[in-house]
Amino acid sequence: MRDLSPEQRDRVLQNSRAFQNLAPDKQARIRQQFNQWDRMSPTQQADLRQKESTWRNLTPEQREHIKNDVLPRWRQMPWDRQQVLKQKLGVLQNMPESARNQRLNDPNFTRGLTDDERSVLHDLSHTHVAEPPSE
């Protein structure tokens, strides 16, 4: 649907019985998400597609762990601490497993992180998520 023009997408949604049967608030949320997509740059769209692909490739157990254990801890962190972890996740993202483990065990790399932040960093880096998913 994202690859359609906004006009084409509107026609498909208007003709979709499944969409029409959704509650108005769900229809509005779907339209809002498409509007956000349309306003993204090609780079932002590619980044989002990559994040979605990564999420789809996680096992159901990994997704549940992220949603139920990691994400609640992430949300409790102050914004500036989240930014620190995002930067570190970016460094770890494309590393082979052995190099990533070595970096995670390097006290210079994790200096200044709390035990909880180290745990979140470890969990996210081993699921190859560059940052926690938004809901």
# chains A, B, ... in the order shown; residues from 1 in each chain; ligands from 1
call {"tool": "residues_around", "arguments": {"residues": "segment 30-47 of chain A", "least_positions_apart": "3", "cutoff": "12 Å", "atoms": "only C-alpha atoms", "output": "short mmCIF file (atom, residue, chain, number, x, y, z; two decimals) with C-alpha atoms, in the first residue's frame"}}
result
data_model
loop_
_atom_site.label_atom_id
_atom_site.label_comp_id
_atom_site.auth_asym_id
_atom_site.auth_seq_id
_atom_site.Cartn_x
_atom_site.Cartn_y
_atom_site.Cartn_z
CA MET A 1 0.00 0.00 0.00
CA ARG A 2 2.87 2.37 0.72
CA ASP A 3 4.03 2.11 -2.86
CA LEU A 4 0.72 3.46 -4.14
CA SER A 5 0.10 7.16 -4.63
CA PRO A 6 -2.09 8.76 -1.94
CA GLU A 7 -4.97 8.89 -4.44
CA ARG A 9 -4.36 4.27 -1.72
CA ASP A 10 -7.53 6.23 -0.91
CA LEU A 13 -9.20 1.90 1.25
CA GLN A 14 -12.62 3.17 0.16
CA PHE A 19 -11.02 -1.31 6.19
CA GLN A 20 -14.60 -0.02 6.17
CA LEU A 22 -12.79 -1.08 11.25
CA ALA A 23 -13.72 1.34 14.01
CA PRO A 24 -13.40 4.99 12.94
CA ASP A 25 -10.45 5.58 15.30
CA LYS A 26 -8.55 2.65 13.74
CA GLN A 27 -9.30 3.94 10.25
CA GLN A 50 14.92 -1.90 7.39
CA LYS A 51 13.67 -1.65 10.99
CA GLU A 52 10.46 -3.44 10.07
CA SER A 53 12.42 -6.16 8.31
CA THR A 54 14.65 -6.63 11.34
CA VAL A 129 17.56 -3.87 16.64
CA ALA A 130 19.11 -0.45 16.07
CA GLU A 131 16.58 1.02 18.49
CA GLU A 135 4.26 0.93 19.09
#
call {"tool": "atom_distance", "arguments": {"atom1": "atom CA of His126 of chain A", "atom2": "atom CA of Arg100 of chain A"}}
result
8.4 Å
call {"tool": "residues_around", "arguments": {"residues": "segment 112-120 of chain A", "least_positions_apart": "5", "cutoff": "12 Å", "atoms": "only C-alpha atoms", "output": "VMD selection string"}}
result
chain A and resid 65 to 66 69 to 78 81 to 86 88 to 89 103 to 107 125 to 127 129 to 132
call {"tool": "write_last_selection", "arguments": {"atoms": "N, CA, C and O atoms", "output": "compact mmCIF listing (two decimals), in the first residue's frame"}}
result
# COMPACT_ATOMS: atom_id res chain seq x y z
N HIS A 65 10.14 -10.79 24.29
CA HIS A 65 11.11 -10.31 25.28
C HIS A 65 11.31 -8.80 25.12
O HIS A 65 11.32 -8.06 26.11
N ILE A 66 11.45 -8.35 23.87
CA ILE A 66 11.62 -6.92 23.64
C ILE A 66 10.39 -6.15 24.13
O ILE A 66 10.50 -5.16 24.85
N ASP A 69 9.82 -7.03 28.27
CA ASP A 69 10.89 -6.81 29.23
C ASP A 69 11.74 -5.58 28.92
O ASP A 69 11.98 -4.75 29.78
N VAL A 70 12.20 -5.49 27.68
CA VAL A 70 13.15 -4.43 27.33
C VAL A 70 12.46 -3.09 27.11
O VAL A 70 12.89 -2.06 27.64
N LEU A 71 11.39 -3.08 26.33
CA LEU A 71 10.72 -1.82 26.01
C LEU A 71 10.20 -1.08 27.25
O LEU A 71 10.38 0.14 27.35
N PRO A 72 9.60 -1.76 28.22
CA PRO A 72 9.19 -1.03 29.43
C PRO A 72 10.37 -0.36 30.16
O PRO A 72 10.25 0.77 30.63
N ARG A 73 11.51 -1.05 30.19
CA ARG A 73 12.69 -0.44 30.83
C ARG A 73 13.19 0.74 30.01
O ARG A 73 13.61 1.77 30.55
N TRP A 74 13.15 0.58 28.67
CA TRP A 74 13.58 1.66 27.77
C TRP A 74 12.73 2.92 28.00
O TRP A 74 13.24 4.03 28.08
N ARG A 75 11.43 2.72 28.10
CA ARG A 75 10.52 3.86 28.27
C ARG A 75 10.73 4.59 29.59
O ARG A 75 10.39 5.77 29.69
N GLN A 76 11.26 3.91 30.57
CA GLN A 76 11.51 4.56 31.86
C GLN A 76 12.80 5.37 31.86
O GLN A 76 13.02 6.17 32.77
N MET A 77 13.64 5.17 30.85
CA MET A 77 14.90 5.90 30.78
C MET A 77 14.66 7.33 30.33
O MET A 77 13.83 7.58 29.45
N PRO A 78 15.43 8.26 30.89
CA PRO A 78 15.36 9.63 30.38
C PRO A 78 15.80 9.69 28.92
O PRO A 78 16.60 8.86 28.46
N ARG A 81 19.52 9.47 28.08
CA ARG A 81 20.11 8.14 28.23
C ARG A 81 19.73 7.25 27.05
O ARG A 81 20.53 6.44 26.59
N GLN A 82 18.51 7.42 26.55
CA GLN A 82 18.11 6.67 25.35
C GLN A 82 19.02 7.03 24.18
O GLN A 82 19.41 6.16 23.40
N GLN A 83 19.36 8.30 24.07
CA GLN A 83 20.21 8.75 22.96
C GLN A 83 21.60 8.14 23.07
O GLN A 83 22.20 7.76 22.05
N VAL A 84 22.12 8.03 24.29
CA VAL A 84 23.42 7.40 24.50
C VAL A 84 23.37 5.94 24.03
O VAL A 84 24.26 5.47 23.31
N LEU A 85 22.30 5.23 24.42
CA LEU A 85 22.19 3.83 24.01
C LEU A 85 21.98 3.69 22.50
O LEU A 85 22.53 2.77 21.88
N LYS A 86 21.20 4.59 21.90
CA LYS A 86 21.02 4.54 20.45
C LYS A 86 22.35 4.69 19.73
O LYS A 86 22.61 4.01 18.73
N LYS A 88 25.31 3.90 20.86
CA LYS A 88 26.08 2.68 21.06
C LYS A 88 25.51 1.53 20.21
O LYS A 88 26.26 0.73 19.65
N LEU A 89 24.19 1.46 20.11
CA LEU A 89 23.57 0.44 19.26
C LEU A 89 23.98 0.62 17.80
O LEU A 89 24.18 -0.35 17.08
N ARG A 103 33.11 -5.85 22.22
CA ARG A 103 32.84 -4.43 22.47
C ARG A 103 31.94 -4.25 23.70
O ARG A 103 32.16 -3.37 24.52
N LEU A 104 30.92 -5.12 23.82
CA LEU A 104 30.02 -5.03 24.98
C LEU A 104 30.74 -5.32 26.29
O LEU A 104 30.34 -4.81 27.35
N ASN A 105 31.80 -6.12 26.23
CA ASN A 105 32.57 -6.44 27.44
C ASN A 105 33.72 -5.47 27.68
O ASN A 105 34.45 -5.61 28.66
N ASP A 106 33.88 -4.50 26.80
CA ASP A 106 34.94 -3.50 26.94
C ASP A 106 34.48 -2.41 27.91
O ASP A 106 33.52 -1.69 27.62
N PRO A 107 35.16 -2.30 29.06
CA PRO A 107 34.73 -1.29 30.04
C PRO A 107 34.77 0.14 29.50
O PRO A 107 33.98 0.99 29.93
N SER A 125 21.26 -5.27 21.20
CA SER A 125 22.34 -5.52 20.24
C SER A 125 22.33 -6.95 19.75
O SER A 125 22.71 -7.22 18.61
N HIS A 126 21.87 -7.88 20.57
CA HIS A 126 21.86 -9.28 20.15
C HIS A 126 20.60 -9.65 19.37
O HIS A 126 20.51 -10.74 18.84
N THR A 127 19.64 -8.75 19.32
CA THR A 127 18.48 -8.98 18.46
C THR A 127 18.62 -8.15 17.20
O THR A 127 17.74 -8.15 16.35
N VAL A 129 18.49 -4.99 16.74
CA VAL A 129 17.56 -3.87 16.64
C VAL A 129 18.36 -2.61 16.88
O VAL A 129 19.01 -2.48 17.92
N ALA A 130 18.33 -1.68 15.94
CA ALA A 130 19.11 -0.45 16.07
C ALA A 130 18.53 0.45 17.15
O ALA A 130 19.23 1.25 17.73
N GLU A 131 17.25 0.32 17.40
CA GLU A 131 16.58 1.02 18.49
C GLU A 131 15.26 0.32 18.74
O GLU A 131 14.75 -0.37 17.87
N PRO A 132 14.72 0.47 19.93
CA PRO A 132 13.46 -0.20 20.22
C PRO A 132 12.35 0.26 19.27
O PRO A 132 12.32 1.41 18.86
call {"tool": "closest_residue", "arguments": {"among": "A:Asn108, A:Glu61, A:Lys67, A:Leu124", "to": "Gly90 of chain A", "atoms": "only C-alpha atoms"}}
result
A:Leu124
call {"tool": "atom_distance", "arguments": {"atom1": "atom CA of Pro60 of chain A", "atom2": "atom CA of Asn101 of chain A"}}
result
23.1 Å
call {"tool": "atom_distance", "arguments": {"atom1": "atom CA of Asp123 of chain A", "atom2": "atom CA of Arg63 of chain A"}}
result
11.1 Å
